[in-house]
Amino acid sequence: GRPFQYDEQRLVCDGVDIAGLADSFGTPLYVYSAKQISERAGLFQNAFAGTPHTVCYAVKANSSLAILKMLAAQGCGFDIVSGGELARVLKAGGPEVASRVVFSGVGKIAGEMDAALAADILQFNVESEPELELLASRAAALGKKARIALRVNPDVSAETHPYISTGLSAHKFGIGIQLARAVYARAAQFPSIETTGVSVHIGSQIRQVEPFAEALEKTLNLVRELRADGHNIRNVDAGGGLGIEYGDKSFDAAQQVQKYAAALQSALGDMDVHLLLEPGRFLVGQAGALVTRVLYRKANGDKKFTIVDAAMNDLIRPALYQAHHEIVPVVRDEAVATEEADIVGPVCESGDFFARSRALQQTEQGDLIAILDAGAYGLSLSSNYNTRVRPAEVLIEDGKARLIRRRETYDELFAPEIF
Ligand code: LLP
């Protein structure tokens, strides 16, 4: 079930009263359910129990140290895309997590490679030949061997928003699968490179499992060829991207993971590989809500606006992808009429909205509302635009709220500036 539910009239997260949290910690406030995050990670781990695998949580979805620490303790590895994310997972999980870390991304720089080589991460997912060359020379310089997978672009279309679709030739990601064999042959010639895997990732918020299976099948065909060519390919990284439900429909997460696992496992057949999985959103998306307070109500002509204290800098998904997020009152009251309004923030952009013409229980100044399913790509994709401090974050664990990130201060925002 969803962690955010009503207890009588009041919205709670795993039993903890949301209005009380807003009073204690202020708004805007991100609230996360530890229970749901660890349940979702467990669903993944269990669904793939029959296959040797590692769940490498995609750190970008929610990079909170407290959440990373929790997932590390649960045995998860990590998919990182920067030196900053590497530093985060090492800080949260200690040096021993490195053996479960894969490093993705099209633009890795030398310093990031050096840090990942020093930490001895499991695998670099290399996305181009020039990147391979730089990695080979950095590893040689440090006297290390870099374990690599090439991220192949399988030219599979995933029905999702164009900004978060990655598996077509038209996208910047990966190496065309038809070129991969030649690049592996080249990679194997570098004494500082070990070709240990193949990786693929076709996009995000994908609700059908067929595209994943199709991409994996193409990838496994390549693995067979590479093995015949003499490469010792052990790891097959199937990427992330499994979608969640953002509407108000009920959603059976367990069933969704089962379907996903069945599709991948049927593609795998009896192939002897170590499967890597990179779920991000699926683990954290529905575990989080952004709680915000109504500042003002106004109308321009016929159009009504509810102005809240959160803004696009705190949660940019509606502005960037026209993403739908359910919005609910923190204290509901059936006696109050519903009203259609745009829910907007204080930032000076017309794109600063959370919902347009949304029917919601009519709010008054000072009321609280919760923007649901905001646990993934919420705070991690936030900014300080308009010199706004980022929201605080609390994690609900065993019926108690723990502050895991306090609200920023202006001095912290100004600290790097020189004038
Ligand atoms: N692996 C790789 C290589 C990725 O690029 C991504 C996400 C993931 C795994 C995790 O995907 P997930 O399981 O979370 O779908 N900001 C957008 C989503 C961007 C996804 C970027 N890559 C949004 O808010 O919808």
# chains A, B, ... in the order shown; residues from 1 in each chain; ligands from 1
>>> closest_atom_pairs(of="chain A", to="ligand 1", cutoff="6 Å", atoms="only C-alpha atoms and all ligand atoms", output="tab-separated table")
residue	atom	partner	partner_atom_place_in_ligand_line	distance
A:Ala58	CA	ligand 1	10 (C)	5.0
A:Ala61	CA	ligand 1	14 (O)	5.5
A:Ser104	CA	ligand 1	3 (C)	5.5
A:Ile164	CA	ligand 1	19 (C)	5.3
A:His201	CA	ligand 1	3 (C)	5.5
A:Ser204	CA	ligand 1	15 (O)	3.5
A:Gln205	CA	ligand 1	15 (O)	5.0
A:Gly239	CA	ligand 1	1 (N)	4.8
A:Gly240	CA	ligand 1	13 (O)	3.9
A:Gly241	CA	ligand 1	15 (O)	3.2
A:Leu242	CA	ligand 1	13 (O)	5.3
A:Glu278	CA	ligand 1	9 (C)	4.7
A:Pro279	CA	ligand 1	13 (O)	3.8
A:Gly280	CA	ligand 1	14 (O)	3.4
A:Arg281	CA	ligand 1	14 (O)	3.7
A:Phe282	CA	ligand 1	13 (O)	5.9
A:Arg317	CA	ligand 1	24 (O)	5.4
A:Tyr377	CA	ligand 1	24 (O)	4.6
>>> write_last_selection(atoms="N, CA and C atoms", output="PDB file, in the first residue's frame")
ATOM      1  N   ALA A  58      20.080   3.457  -8.487  1.00  0.00           N
ATOM      2  CA  ALA A  58      20.516   4.633  -9.250  1.00  0.00           C
ATOM      3  C   ALA A  58      20.461   5.864  -8.338  1.00  0.00           C
ATOM      4  N   ALA A  61      18.323   9.304  -8.442  1.00  0.00           N
ATOM      5  CA  ALA A  61      16.896   9.433  -8.157  1.00  0.00           C
ATOM      6  C   ALA A  61      16.650  10.121  -6.817  1.00  0.00           C
ATOM      7  N   SER A 104      28.138   4.929 -14.543  1.00  0.00           N
ATOM      8  CA  SER A 104      27.559   5.226 -15.855  1.00  0.00           C
ATOM      9  C   SER A 104      27.791   6.690 -16.220  1.00  0.00           C
ATOM     10  N   ILE A 164      13.293  11.472 -21.278  1.00  0.00           N
ATOM     11  CA  ILE A 164      13.842  10.420 -20.417  1.00  0.00           C
ATOM     12  C   ILE A 164      13.893   9.074 -21.143  1.00  0.00           C
ATOM     13  N   HIS A 201      20.667   0.541 -21.050  1.00  0.00           N
ATOM     14  CA  HIS A 201      19.635   1.263 -20.287  1.00  0.00           C
ATOM     15  C   HIS A 201      18.822   2.042 -21.308  1.00  0.00           C
ATOM     16  N   SER A 204      13.564   5.811 -18.795  1.00  0.00           N
ATOM     17  CA  SER A 204      13.018   5.884 -17.446  1.00  0.00           C
ATOM     18  C   SER A 204      11.495   5.962 -17.497  1.00  0.00           C
ATOM     19  N   GLN A 205      10.862   5.606 -16.375  1.00  0.00           N
ATOM     20  CA  GLN A 205       9.393   5.621 -16.270  1.00  0.00           C
ATOM     21  C   GLN A 205       8.762   4.805 -17.402  1.00  0.00           C
ATOM     22  N   GLY A 239      20.323  -2.127 -16.630  1.00  0.00           N
ATOM     23  CA  GLY A 239      19.918  -0.739 -16.452  1.00  0.00           C
ATOM     24  C   GLY A 239      18.740  -0.590 -15.502  1.00  0.00           C
ATOM     25  N   GLY A 240      18.165   0.609 -15.522  1.00  0.00           N
ATOM     26  CA  GLY A 240      17.013   0.881 -14.653  1.00  0.00           C
ATOM     27  C   GLY A 240      15.808   1.212 -15.511  1.00  0.00           C
ATOM     28  N   GLY A 241      14.899   2.012 -14.985  1.00  0.00           N
ATOM     29  CA  GLY A 241      13.821   2.542 -15.801  1.00  0.00           C
ATOM     30  C   GLY A 241      12.434   2.016 -15.535  1.00  0.00           C
ATOM     31  N   LEU A 242      12.311   1.034 -14.621  1.00  0.00           N
ATOM     32  CA  LEU A 242      10.976   0.486 -14.364  1.00  0.00           C
ATOM     33  C   LEU A 242      10.074   1.576 -13.769  1.00  0.00           C
ATOM     34  N   GLU A 278      19.593  -1.503 -12.179  1.00  0.00           N
ATOM     35  CA  GLU A 278      19.815  -0.122 -11.729  1.00  0.00           C
ATOM     36  C   GLU A 278      18.510   0.638 -11.478  1.00  0.00           C
ATOM     37  N   PRO A 279      17.624   0.111 -10.647  1.00  0.00           N
ATOM     38  CA  PRO A 279      16.379   0.845 -10.410  1.00  0.00           C
ATOM     39  C   PRO A 279      16.628   2.104  -9.585  1.00  0.00           C
ATOM     40  N   GLY A 280      15.968   3.166  -9.936  1.00  0.00           N
ATOM     41  CA  GLY A 280      16.036   4.394  -9.144  1.00  0.00           C
ATOM     42  C   GLY A 280      14.644   4.735  -8.651  1.00  0.00           C
ATOM     43  N   ARG A 281      13.855   5.318  -9.559  1.00  0.00           N
ATOM     44  CA  ARG A 281      12.503   5.762  -9.254  1.00  0.00           C
ATOM     45  C   ARG A 281      11.659   4.703  -8.556  1.00  0.00           C
ATOM     46  N   PHE A 282      11.782   3.457  -9.002  1.00  0.00           N
ATOM     47  CA  PHE A 282      10.906   2.418  -8.476  1.00  0.00           C
ATOM     48  C   PHE A 282      11.109   2.216  -6.975  1.00  0.00           C
ATOM     49  N   ARG A 317       9.681  18.391 -11.806  1.00  0.00           N
ATOM     50  CA  ARG A 317       9.113  17.419 -12.753  1.00  0.00           C
ATOM     51  C   ARG A 317       7.891  17.936 -13.527  1.00  0.00           C
ATOM     52  N   TYR A 377      13.762  12.042  -8.088  1.00  0.00           N
ATOM     53  CA  TYR A 377      14.005  13.225  -8.910  1.00  0.00           C
ATOM     54  C   TYR A 377      13.261  14.441  -8.359  1.00  0.00           C
TER      55      TYR A 377
END
>>> select_by_dssp(residues="range 66-278 of chain A", states="strand (DSSP E or B)", output="VMD selection string")
chain A and resid 77 to 80 101 to 103 123 to 126 146 to 153 165 175 to 176 193 to 199 203 206 235 to 237 242 274 to 277
>>> residues_around(residues="Leu132 in chain A", least_positions_apart="2", cutoff="10 Å", atoms="only C-alpha atoms", output="list in words")
Phe124, Asn125, Val126, Glu127, Ser128, Glu129, Pro130, Leu134, Leu135, Ala136, Ser137, Arg138, Ala146, Ile148, Leu150, Val183, Tyr184, Arg186, Ala187, Phe190 and Ile193 of chain A
>>> write_last_selection(atoms="C-alpha atoms", output="compact mmCIF listing (two decimals), in the first residue's frame")
# COMPACT_ATOMS: atom_id res chain seq x y z
CA PHE A 124 32.81 1.34 -15.48
CA ASN A 125 29.98 1.46 -17.99
CA VAL A 126 31.86 3.08 -20.86
CA GLU A 127 29.85 5.05 -23.40
CA SER A 128 32.35 5.97 -26.14
CA GLU A 129 35.75 5.10 -27.59
CA PRO A 130 37.46 8.31 -26.49
CA LEU A 134 41.12 8.03 -21.36
CA LEU A 135 40.12 5.35 -18.87
CA ALA A 136 42.82 3.01 -20.17
CA SER A 137 45.46 5.69 -19.77
CA ARG A 138 44.28 6.73 -16.28
CA ALA A 146 39.69 -1.02 -14.95
CA ILE A 148 34.54 -2.26 -18.02
CA LEU A 150 30.36 -0.99 -22.86
CA VAL A 183 35.16 -1.65 -29.67
CA TYR A 184 35.43 -4.64 -27.30
CA ARG A 186 40.01 -2.67 -29.11
CA ALA A 187 39.33 -2.50 -25.39
CA PHE A 190 44.68 -2.23 -23.47
CA ILE A 193 41.38 -2.74 -19.23
>>> residues_around(residues="Val209 in chain A", least_positions_apart="4", cutoff="8 Å", atoms="only C-alpha atoms", output="list in words")
Ala213, Leu242, Lys259, Tyr260 and Ala263 of chain A
>>> residues_around(residues="Asn235 in chain A", least_positions_apart="5", cutoff="8 Å", atoms="only C-alpha atoms", output="ChimeraX atom specification")
/A:149,196-198,273-276
>>> write_last_selection(atoms="N, CA and C atoms", output="tab-separated table (two decimals), in the first residue's frame")
chain	number	residue	atom	x	y	z
A	149	ALA	N	32.30	-2.40	-18.83
A	149	ALA	CA	31.25	-2.85	-19.73
A	149	ALA	C	31.12	-1.74	-20.75
A	196	THR	N	34.63	-6.95	-18.67
A	196	THR	CA	33.91	-7.86	-17.77
A	196	THR	C	32.39	-7.86	-17.96
A	197	GLY	N	31.87	-6.91	-18.72
A	197	GLY	CA	30.41	-6.84	-18.79
A	197	GLY	C	29.89	-6.14	-20.04
A	198	VAL	N	28.57	-6.14	-20.14
A	198	VAL	CA	27.87	-5.37	-21.16
A	198	VAL	C	26.72	-4.68	-20.43
A	273	VAL	N	25.28	-15.65	-16.11
A	273	VAL	CA	25.76	-14.26	-15.99
A	273	VAL	C	25.45	-13.75	-14.59
A	274	HIS	N	26.11	-12.67	-14.20
A	274	HIS	CA	25.73	-11.94	-12.99
A	274	HIS	C	24.94	-10.73	-13.47
A	275	LEU	N	23.67	-10.67	-13.07
A	275	LEU	CA	22.79	-9.62	-13.55
A	275	LEU	C	22.90	-8.39	-12.65
A	276	LEU	N	23.10	-7.23	-13.27
A	276	LEU	CA	23.09	-5.98	-12.51
A	276	LEU	C	21.82	-5.23	-12.87
>>> atom_distance(atom1="CA of Ser63 in chain A", atom2="CA of Ala392 in chain A")
13.8 Å
>>> closest_atom_pairs(of="range 88-124 of chain A", to="range 68-82 of chain A", cutoff="8 Å", atoms="only C-alpha atoms", output="Markdown table")
| residue | atom | partner | partner_atom | distance |
| --- | --- | --- | --- | --- |
| A:Val89 | CA | A:Leu68 | CA | 6.6 |
| A:Ala92 | CA | A:Lys69 | CA | 4.7 |
| A:Gly93 | CA | A:Lys69 | CA | 5.4 |
| A:Val97 | CA | A:Gly77 | CA | 6.5 |
| A:Ala98 | CA | A:Gly77 | CA | 8.0 |
| A:Ser99 | CA | A:Gly77 | CA | 7.9 |
| A:Arg100 | CA | A:Gly77 | CA | 4.4 |
| A:Val101 | CA | A:Phe78 | CA | 4.8 |
| A:Val102 | CA | A:Asp79 | CA | 5.0 |
| A:Phe103 | CA | A:Ile80 | CA | 4.9 |
| A:Ser104 | CA | A:Val81 | CA | 5.0 |
| A:Gly105 | CA | A:Val81 | CA | 5.2 |
| A:Lys108 | CA | A:Ser82 | CA | 6.9 |
| A:Glu112 | CA | A:Ser82 | CA | 6.7 |
>>> closest_residue(among="A:Glu245, A:Ala337, A:Val330, A:Leu368", to="Thr306 in chain A", atoms="only C-alpha atoms")
A:Leu368
